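**Q** Here you go, structure-v6.csv (CSV, N, CA and C atoms):
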```csv
chain,number,residue,atom,x,y,z
A,276,MET,N,58.7,84.3,192.5
A,276,MET,CA,60.1,84.0,192.8
A,276,MET,C,60.8,85.3,193.1
A,277,ASN,N,61.6,85.2,194.2
A,277,ASN,CA,62.3,86.5,194.6
A,277,ASN,C,63.5,86.7,193.6
A,278,GLU,N,64.0,87.9,193.7
A,278,GLU,CA,65.0,88.4,192.8
A,278,GLU,C,66.3,87.6,193.0
A,279,GLU,N,66.7,87.3,194.2
A,279,GLU,CA,67.9,86.6,194.5
A,279,GLU,C,67.8,85.1,194.0
A,280,LYS,N,66.7,84.5,194.2
A,280,LYS,CA,66.5,83.1,193.7
A,280,LYS,C,66.6,83.1,192.2
A,281,GLU,N,65.9,84.0,191.5
A,281,GLU,CA,66.0,84.1,190.1
A,281,GLU,C,67.4,84.3,189.6
A,282,LEU,N,68.1,85.2,190.2
A,282,LEU,CA,69.5,85.4,189.8
A,282,LEU,C,70.4,84.1,190.0
A,283,ARG,N,70.2,83.4,191.0
A,283,ARG,CA,70.9,82.1,191.2
A,283,ARG,C,70.5,81.1,190.1
A,284,GLU,N,69.3,81.1,189.7
A,284,GLU,CA,68.9,80.2,188.6
A,284,GLU,C,69.5,80.6,187.3
A,285,ILE,N,69.6,81.9,187.0
A,285,ILE,CA,70.2,82.4,185.8
A,285,ILE,C,71.7,82.1,185.8
A,286,VAL,N,72.3,82.3,186.9
A,286,VAL,CA,73.8,82.0,187.0
A,286,VAL,C,74.0,80.5,186.8
A,287,SER,N,73.1,79.6,187.3
A,287,SER,CA,73.2,78.2,187.1
A,287,SER,C,73.0,77.8,185.6
A,288,TYR,N,72.1,78.5,185.0
A,288,TYR,CA,71.9,78.3,183.6
A,288,TYR,C,73.2,78.5,182.8
A,289,TRP,N,73.9,79.7,183.1
A,289,TRP,CA,75.1,80.0,182.3
A,289,TRP,C,76.2,79.0,182.7
A,290,VAL,N,76.3,78.5,183.9
A,290,VAL,CA,77.3,77.5,184.2
A,290,VAL,C,77.0,76.2,183.4
A,291,LYS,N,75.8,75.8,183.3
A,291,LYS,CA,75.5,74.6,182.6
A,291,LYS,C,75.8,74.8,181.1
A,292,LYS,N,75.5,76.0,180.5
A,292,LYS,CA,75.9,76.3,179.1
A,292,LYS,C,77.4,76.2,178.9
A,293,SER,N,78.1,76.6,179.9
A,293,SER,CA,79.6,76.6,179.9
A,293,SER,C,80.0,75.1,179.8
A,294,MET,N,79.5,74.3,180.7
A,294,MET,CA,79.9,72.9,180.7
A,294,MET,C,79.5,72.2,179.4
A,295,ASP,N,78.3,72.5,178.9
A,295,ASP,CA,77.8,71.9,177.7
A,295,ASP,C,78.7,72.3,176.5
A,296,SER,N,79.2,73.5,176.5
A,296,SER,CA,80.1,74.0,175.5
A,296,SER,C,81.4,73.3,175.5
A,297,LEU,N,81.9,73.0,176.7
A,297,LEU,CA,83.2,72.2,176.8
A,297,LEU,C,83.0,70.8,176.3
A,298,ASP,N,81.8,70.2,176.6
A,298,ASP,CA,81.5,68.9,176.0
A,298,ASP,C,81.5,69.0,174.5
A,299,ALA,N,80.8,70.0,174.0
A,299,ALA,CA,80.7,70.1,172.5
A,299,ALA,C,82.1,70.4,171.9
A,300,ALA,N,82.9,71.2,172.6
A,300,ALA,CA,84.2,71.5,172.1
A,300,ALA,C,85.1,70.2,172.0
A,301,GLU,N,85.0,69.4,173.0
A,301,GLU,CA,85.7,68.1,172.9
A,301,GLU,C,85.2,67.2,171.8
A,302,ASP,N,83.9,67.2,171.6
A,302,ASP,CA,83.3,66.4,170.5
A,302,ASP,C,83.8,66.9,169.1
A,303,GLU,N,83.8,68.2,169.0
A,303,GLU,CA,84.3,68.8,167.7
A,303,GLU,C,85.8,68.6,167.5
A,304,LEU,N,86.5,68.7,168.6
A,304,LEU,CA,88.0,68.4,168.5
A,304,LEU,C,88.3,67.0,168.1
A,305,LYS,N,87.6,66.1,168.7
A,305,LYS,CA,87.8,64.6,168.3
A,305,LYS,C,87.4,64.4,166.9
A,306,ALA,N,86.4,65.1,166.4
A,306,ALA,CA,85.9,64.9,165.0
A,306,ALA,C,86.8,65.6,164.0
A,307,GLY,N,87.7,66.4,164.5
A,307,GLY,CA,88.6,67.2,163.6
A,307,GLY,C,88.0,68.5,163.1
A,308,ARG,N,86.9,68.9,163.6
A,308,ARG,CA,86.2,70.2,163.2
A,308,ARG,C,86.8,71.3,164.1
A,309,LEU,N,88.0,71.7,163.8
A,309,LEU,CA,88.7,72.5,164.7
A,309,LEU,C,88.2,73.9,164.9
A,310,SER,N,87.7,74.5,163.8
A,310,SER,CA,87.1,75.8,163.9
A,310,SER,C,85.8,75.8,164.8
A,311,PHE,N,85.0,74.8,164.7
A,311,PHE,CA,83.9,74.6,165.6
A,311,PHE,C,84.3,74.4,167.0
A,312,SER,N,85.4,73.7,167.2
A,312,SER,CA,85.9,73.4,168.5
A,312,SER,C,86.3,74.7,169.2
A,313,VAL,N,87.0,75.5,168.4
A,313,VAL,CA,87.5,76.8,168.9
A,313,VAL,C,86.3,77.7,169.3
A,314,ASN,N,85.3,77.7,168.5
A,314,ASN,CA,84.0,78.4,168.9
A,314,ASN,C,83.5,78.0,170.2
A,315,ARG,N,83.3,76.7,170.4
A,315,ARG,CA,82.8,76.1,171.6
A,315,ARG,C,83.7,76.4,172.8
A,316,ILE,N,85.0,76.3,172.6
A,316,ILE,CA,86.0,76.6,173.7
A,316,ILE,C,85.8,78.0,174.2
A,317,TYR,N,85.7,78.9,173.2
A,317,TYR,CA,85.5,80.3,173.6
A,317,TYR,C,84.2,80.5,174.4
A,318,TYR,N,83.2,79.9,173.8
A,318,TYR,CA,81.9,80.1,174.5
A,318,TYR,C,81.8,79.5,175.8
A,319,ALA,N,82.5,78.4,176.1
A,319,ALA,CA,82.6,77.8,177.4
A,319,ALA,C,83.1,78.8,178.4
A,320,CYS,N,84.2,79.5,178.0
A,320,CYS,CA,84.8,80.6,178.8
A,320,CYS,C,83.8,81.8,178.9
A,321,PHE,N,83.2,82.2,177.8
A,321,PHE,CA,82.3,83.3,177.8
A,321,PHE,C,81.2,83.1,178.8
A,322,TYR,N,80.6,81.9,178.7
A,322,TYR,CA,79.4,81.6,179.6
A,322,TYR,C,79.8,81.6,181.0
A,323,ILE,N,80.9,81.1,181.4
A,323,ILE,CA,81.3,81.0,182.8
A,323,ILE,C,81.6,82.4,183.3
A,324,VAL,N,82.2,83.2,182.5
A,324,VAL,CA,82.5,84.6,182.8
A,324,VAL,C,81.2,85.4,182.9
A,325,THR,N,80.2,85.2,182.1
A,325,THR,CA,78.9,85.8,182.2
A,325,THR,C,78.3,85.4,183.5
A,326,ALA,N,78.4,84.2,183.9
A,326,ALA,CA,77.8,83.7,185.2
A,326,ALA,C,78.4,84.5,186.4
A,327,VAL,N,79.7,84.6,186.4
A,327,VAL,CA,80.4,85.2,187.5
A,327,VAL,C,80.1,86.7,187.5
A,328,LEU,N,79.9,87.3,186.4
A,328,LEU,CA,79.6,88.8,186.3
A,328,LEU,C,78.1,89.0,186.7
A,329,LEU,N,77.2,88.1,186.3
A,329,LEU,CA,75.8,88.2,186.7
A,329,LEU,C,75.7,88.1,188.2
A,330,GLN,N,76.5,87.2,188.8
A,330,GLN,CA,76.5,87.0,190.3
A,330,GLN,C,76.7,88.4,190.9
A,331,GLU,N,77.5,89.2,190.3
A,331,GLU,CA,77.8,90.6,190.8
A,331,GLU,C,76.8,91.6,190.3
A,332,LYS,N,75.8,91.1,189.7
A,332,LYS,CA,74.7,91.9,189.1
A,332,LYS,C,75.2,92.8,188.0
A,333,LEU,N,76.2,92.3,187.2
A,333,LEU,CA,76.7,93.0,186.0
A,333,LEU,C,76.3,92.3,184.8
A,334,ARG,N,75.6,93.0,183.9
A,334,ARG,CA,75.0,92.5,182.7
A,334,ARG,C,75.6,93.3,181.5
A,335,PHE,N,75.8,92.6,180.4
A,335,PHE,CA,76.3,93.3,179.2
A,335,PHE,C,75.7,92.7,177.9
A,336,LYS,N,75.6,93.6,176.9
A,336,LYS,CA,75.0,93.2,175.7
A,336,LYS,C,76.0,92.7,174.6
A,337,LYS,N,77.3,93.1,174.9
A,337,LYS,CA,78.3,92.8,173.9
A,337,LYS,C,79.4,92.0,174.5
A,338,HIS,N,80.1,91.2,173.7
A,338,HIS,CA,81.2,90.5,174.2
A,338,HIS,C,82.3,91.4,174.7
A,339,SER,N,82.5,92.5,174.0
A,339,SER,CA,83.5,93.5,174.5
A,339,SER,C,83.3,94.0,175.9
A,340,GLY,N,82.0,94.2,176.2
A,340,GLY,CA,81.6,94.6,177.6
A,340,GLY,C,81.9,93.5,178.6
A,341,VAL,N,81.7,92.3,178.3
A,341,VAL,CA,82.0,91.2,179.2
A,341,VAL,C,83.5,91.1,179.4
A,342,ARG,N,84.2,91.2,178.3
A,342,ARG,CA,85.7,91.1,178.4
A,342,ARG,C,86.2,92.2,179.3
A,343,ALA,N,85.8,93.4,179.0
A,343,ALA,CA,86.3,94.6,179.8
A,343,ALA,C,85.9,94.4,181.3
A,344,ALA,N,84.7,94.0,181.6
A,344,ALA,CA,84.3,93.9,183.0
A,344,ALA,C,85.0,92.7,183.7
A,345,PHE,N,85.3,91.7,182.9
A,345,PHE,CA,86.0,90.5,183.5
A,345,PHE,C,87.4,91.0,183.9
A,346,HIS,N,88.1,91.7,183.0
A,346,HIS,CA,89.4,92.2,183.4
A,346,HIS,C,89.4,93.2,184.5
A,347,LYS,N,88.4,94.1,184.5
A,347,LYS,CA,88.3,95.2,185.5
A,347,LYS,C,88.0,94.6,186.9
A,348,HIS,N,87.0,93.7,187.0
A,348,HIS,CA,86.5,93.2,188.3
A,348,HIS,C,87.2,91.9,188.8
A,349,PHE,N,88.0,91.2,187.9
A,349,PHE,CA,88.5,90.0,188.4
A,349,PHE,C,90.1,89.9,188.1
A,350,VAL,N,90.5,90.2,186.9
A,350,VAL,CA,91.9,90.1,186.6
A,350,VAL,C,92.7,91.2,187.2
A,351,LYS,N,92.3,92.4,187.1
A,351,LYS,CA,93.1,93.5,187.7
A,351,LYS,C,93.1,93.5,189.2
A,352,LEU,N,92.0,92.9,189.8
A,352,LEU,CA,92.0,92.8,191.2
A,352,LEU,C,92.7,91.5,191.8
A,353,GLY,N,93.3,90.7,190.8
A,353,GLY,CA,94.1,89.6,191.2
A,353,GLY,C,93.2,88.4,191.6
A,354,LEU,N,91.9,88.4,191.4
A,354,LEU,CA,91.0,87.3,191.7
A,354,LEU,C,91.2,86.2,190.6
A,355,ILE,N,91.6,86.6,189.4
A,355,ILE,CA,91.9,85.7,188.3
A,355,ILE,C,93.3,86.0,187.8
A,356,SER,N,94.1,85.1,187.5
A,356,SER,CA,95.4,85.3,187.0
A,356,SER,C,95.5,86.1,185.7
A,357,ARG,N,96.5,86.8,185.5
A,357,ARG,CA,96.7,87.5,184.2
A,357,ARG,C,96.8,86.5,183.1
A,358,GLU,N,97.3,85.3,183.3
A,358,GLU,CA,97.4,84.3,182.3
A,358,GLU,C,96.0,83.9,181.8
A,359,HIS,N,95.1,83.7,182.8
A,359,HIS,CA,93.7,83.4,182.4
A,359,HIS,C,93.1,84.5,181.7
A,360,GLY,N,93.4,85.7,182.1
A,360,GLY,CA,92.8,86.9,181.3
A,360,GLY,C,93.3,86.9,179.9
A,361,GLN,N,94.6,86.6,179.7
A,361,GLN,CA,95.2,86.6,178.4
A,361,GLN,C,94.6,85.5,177.6
A,362,LEU,N,94.4,84.3,178.2
A,362,LEU,CA,93.8,83.2,177.5
A,362,LEU,C,92.4,83.6,177.0
A,363,TYR,N,91.6,84.2,177.8
A,363,TYR,CA,90.3,84.6,177.4
A,363,TYR,C,90.3,85.6,176.2
A,364,ASP,N,91.2,86.5,176.2
A,364,ASP,CA,91.4,87.4,175.1
A,364,ASP,C,91.9,86.7,173.8
A,365,GLU,N,92.8,85.7,174.0
A,365,GLU,CA,93.3,84.9,172.9
A,365,GLU,C,92.2,84.1,172.3
A,366,LEU,N,91.3,83.5,173.1
A,366,LEU,CA,90.2,82.7,172.6
A,366,LEU,C,89.2,83.5,171.9
A,367,PHE,N,88.9,84.7,172.4
A,367,PHE,CA,88.0,85.7,171.8
A,367,PHE,C,88.5,86.0,170.3
A,368,GLU,N,89.8,86.3,170.2
A,368,GLU,CA,90.3,86.6,168.9
A,368,GLU,C,90.3,85.4,168.0
A,369,ALA,N,90.6,84.3,168.5
A,369,ALA,CA,90.6,83.1,167.7
A,369,ALA,C,89.2,82.7,167.2
A,370,ARG,N,88.3,82.9,168.1
A,370,ARG,CA,86.9,82.6,167.7
A,370,ARG,C,86.4,83.6,166.6
A,371,GLN,N,86.8,84.9,166.8
A,371,GLN,CA,86.4,85.9,165.8
A,371,GLN,C,87.0,85.5,164.4
A,372,ARG,N,88.3,85.1,164.4
A,372,ARG,CA,88.9,84.7,163.1
A,372,ARG,C,88.2,83.5,162.5
A,373,GLY,N,88.0,82.5,163.4
A,373,GLY,CA,87.4,81.2,162.9
A,373,GLY,C,85.9,81.4,162.4
A,374,ASP,N,85.2,82.3,163.0
A,374,ASP,CA,83.8,82.5,162.6
A,374,ASP,C,83.6,83.5,161.5
A,375,TYR,N,84.5,84.4,161.3
A,375,TYR,CA,84.2,85.5,160.4
A,375,TYR,C,85.3,85.7,159.3
A,376,ILE,N,86.4,85.1,159.3
A,376,ILE,CA,87.4,85.3,158.3
A,376,ILE,C,87.5,84.0,157.4
A,377,GLU,N,87.5,84.2,156.1
A,377,GLU,CA,87.6,83.1,155.2
A,377,GLU,C,88.9,82.4,155.2
A,378,LEU,N,88.9,81.2,155.0
A,378,LEU,CA,90.1,80.4,154.8
A,378,LEU,C,91.0,80.3,156.1
A,379,VAL,N,90.4,80.5,157.2
A,379,VAL,CA,91.2,80.4,158.5
A,379,VAL,C,91.1,78.9,158.9
A,380,SER,N,92.3,78.4,159.3
A,380,SER,CA,92.3,77.1,159.8
A,380,SER,C,93.2,77.1,161.1
A,381,PHE,N,93.0,76.1,161.9
A,381,PHE,CA,93.7,76.0,163.2
A,381,PHE,C,94.4,74.6,163.2
A,382,GLU,N,95.5,74.6,164.0
A,382,GLU,CA,96.3,73.4,164.2
A,382,GLU,C,95.7,72.6,165.3
A,383,LYS,N,95.7,71.3,165.2
A,383,LYS,CA,95.0,70.5,166.2
A,383,LYS,C,95.8,70.6,167.5
A,384,GLU,N,97.1,70.8,167.5
A,384,GLU,CA,97.9,70.9,168.8
A,384,GLU,C,97.5,72.1,169.5
A,385,ILE,N,97.3,73.2,168.8
A,385,ILE,CA,96.9,74.5,169.4
A,385,ILE,C,95.5,74.4,170.0
A,386,VAL,N,94.6,73.9,169.2
A,386,VAL,CA,93.2,73.7,169.7
A,386,VAL,C,93.1,72.8,170.9
A,387,THR,N,93.9,71.7,170.9
A,387,THR,CA,94.0,70.8,172.0
A,387,THR,C,94.5,71.6,173.3
A,388,LYS,N,95.5,72.4,173.1
A,388,LYS,CA,96.1,73.2,174.2
A,388,LYS,C,95.0,74.1,174.7
A,389,TRP,N,94.3,74.8,173.8
A,389,TRP,CA,93.3,75.8,174.2
A,389,TRP,C,92.2,75.0,175.0
A,390,PHE,N,91.8,73.9,174.5
A,390,PHE,CA,90.8,73.1,175.2
A,390,PHE,C,91.2,72.8,176.6
A,391,ASN,N,92.4,72.3,176.8
A,391,ASN,CA,92.8,71.9,178.1
A,391,ASN,C,92.9,73.2,179.0
A,392,GLN,N,93.4,74.3,178.5
A,392,GLN,CA,93.5,75.5,179.2
A,392,GLN,C,92.1,76.0,179.6
A,393,ALA,N,91.1,75.9,178.7
A,393,ALA,CA,89.8,76.3,178.9
A,393,ALA,C,89.1,75.5,180.0
A,394,MET,N,89.4,74.2,180.1
A,394,MET,CA,88.8,73.4,181.2
A,394,MET,C,89.3,73.9,182.5
A,395,GLU,N,90.6,74.3,182.6
A,395,GLU,CA,91.2,74.8,183.8
A,395,GLU,C,90.6,76.2,184.1
A,396,PHE,N,90.4,77.0,183.0
A,396,PHE,CA,89.8,78.4,183.2
A,396,PHE,C,88.4,78.3,183.8
A,397,VAL,N,87.6,77.4,183.2
A,397,VAL,CA,86.2,77.3,183.7
A,397,VAL,C,86.2,76.8,185.1
A,398,GLU,N,87.0,75.9,185.5
A,398,GLU,CA,87.0,75.4,186.9
A,398,GLU,C,87.5,76.5,187.8
A,399,THR,N,88.5,77.3,187.4
A,399,THR,CA,89.0,78.4,188.2
A,399,THR,C,88.0,79.5,188.4
A,400,VAL,N,87.3,79.9,187.3
A,400,VAL,CA,86.3,80.9,187.4
A,400,VAL,C,85.1,80.4,188.3
A,401,LYS,N,84.7,79.1,188.1
A,401,LYS,CA,83.6,78.6,188.9
A,401,LYS,C,83.9,78.7,190.4
A,402,LEU,N,85.1,78.7,190.8
A,402,LEU,CA,85.4,78.9,192.3
A,402,LEU,C,85.0,80.2,192.8
A,403,LEU,N,84.8,81.2,191.9
A,403,LEU,CA,84.3,82.5,192.3
A,403,LEU,C,82.8,82.6,192.6
A,404,LEU,N,82.1,81.5,192.2
A,404,LEU,CA,80.7,81.5,192.3
A,404,LEU,C,80.2,81.1,193.7
A,405,ASN,N,79.2,81.7,194.2
A,405,ASN,CA,78.6,81.3,195.5
A,405,ASN,C,77.7,80.2,195.2
A,406,ASP,N,77.8,79.2,196.0
A,406,ASP,CA,76.9,78.0,195.8
A,406,ASP,C,75.6,78.1,196.6
```
Go ahead and render the structure in this file as structure tokens.

**A**
Amino acid sequence: MNEEKELREIVSYWVKKSMDSLDAAEDELKAGRLSFSVNRIYYACFYIVTAVLLQEKLRFKKHSGVRAAFHKHFVKLGLISREHGQLYDELFEARQRGDYIELVSFEKEIVTKWFNQAMEFVETVKLLLND
């Protein structure tokens, strides 16, 4: 398999993970498991950002590297809106709180808003992918 074809397959893999995470986020939201929904909402965005960065042959081992590169290569260049960049950062922080800090809870209205914004985020970032 040539390198370009392998890269396309890997990008497709992360796109599918993003879509699966959105589905899981919705299921968790409906079940009232808000912290788990926040986790899946963030990961839906993280996976699609990973896909678009990989397309540019940019790989990172840490979430902080993915965030920084996303802002540098897409938000600062105006390819993605500042609002979407801010959402990505907000979701990262929320996921960190929900996963690692005791007694954190989320309001259903906020998680529902984040879910809807994440669906738009994923679709917007997907537009940057070569088919």

**Q** Do a neighbour search on Trp289 (chain A) at 6.5 Å with all atoms listed in the file, toss out local chain neighbours closer than 2 positions, and write the hits as a PyMOL selection string.

**A** chain A and resi 284-287+291-294+322-323+325-326

**Q** Report as a PyMOL selection string: the residues of region 298-401 of chain A with a DSSP assignment of alpha helix (DSSP H), based on the backbone of this structure.

**A** chain A and resi 298-305+309-330+338-345+357-375+383-401

**Q** What would the list of residues within 8 Å of (85.8, 80.1, 172.7) (file frame) look like as a PyMOL selection string, if only C-alpha atoms are what count?

**A** chain A and resi 312-321+363+366-367+369-370

**Q** Would you work out the distance separating atom N of Leu329 (chain A) from atom C of Leu282 (chain A), expressed in Å to one decimal?

**A**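 A separation of 8.7 Å between them.
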
**Q** When you count only C-alpha atoms, which of these residues is closest to His338 (chain A): A:Leu297, A:Glu368, A:Ser380, A:Lys305?

**A**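 When distances to His338 (chain A) are compared using only C-alpha atoms, the smallest one comes from A:Glu368.
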
**Q** For atom N of Ala393 (chain A) and CA of Leu362 (chain A), determine how far apart the two atoms are, in Å to one decimal place.

**A**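 Atom-to-atom, atom N of Ala393 (chain A) and CA of Leu362 (chain A) are spaced 7.9 Å apart.
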
**Q** Nearest to Phe396 (chain A): which of A:Arg334, A:Asn277, A:Asp302, A:His359 is it, counting all atoms listed in the file?

**A** A:His359

**Q** Report, in Å to a single decimal, how far apart CA of His348 (chain A) and atom C of Gln330 (chain A) are.

**A**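 Between these atoms lies a distance of 11.2 Å.
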
**Q** Tell me which protein, DNA and RNA residues are within 6.5 Å of Leu403 (chain A), counting only N, CA and C atoms, leaving out same-chain ones fewer than 3 positions away, and put them as a PyMOL selection string.

**A** chain A and resi 327+399-400

**Q** Quick one: of A:Glu279, A:Gly360, A:Ser310, A:Glu331, who's nearest to Arg372 (chain A), counting all atoms listed in the file?

**A**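 Of A:Glu279, A:Gly360, A:Ser310, A:Glu331, the one nearest Arg372 (chain A), counting all atoms listed in the file, is A:Ser310.
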
**Q** Counting only C-alpha atoms, figure out which residue out of A:Glu365, A:Asp295, A:Glu398, A:Glu358 gets nearest to Ile385 (chain A).

**A**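 That would be A:Glu365, the residue with the smallest distance to Ile385 (chain A).
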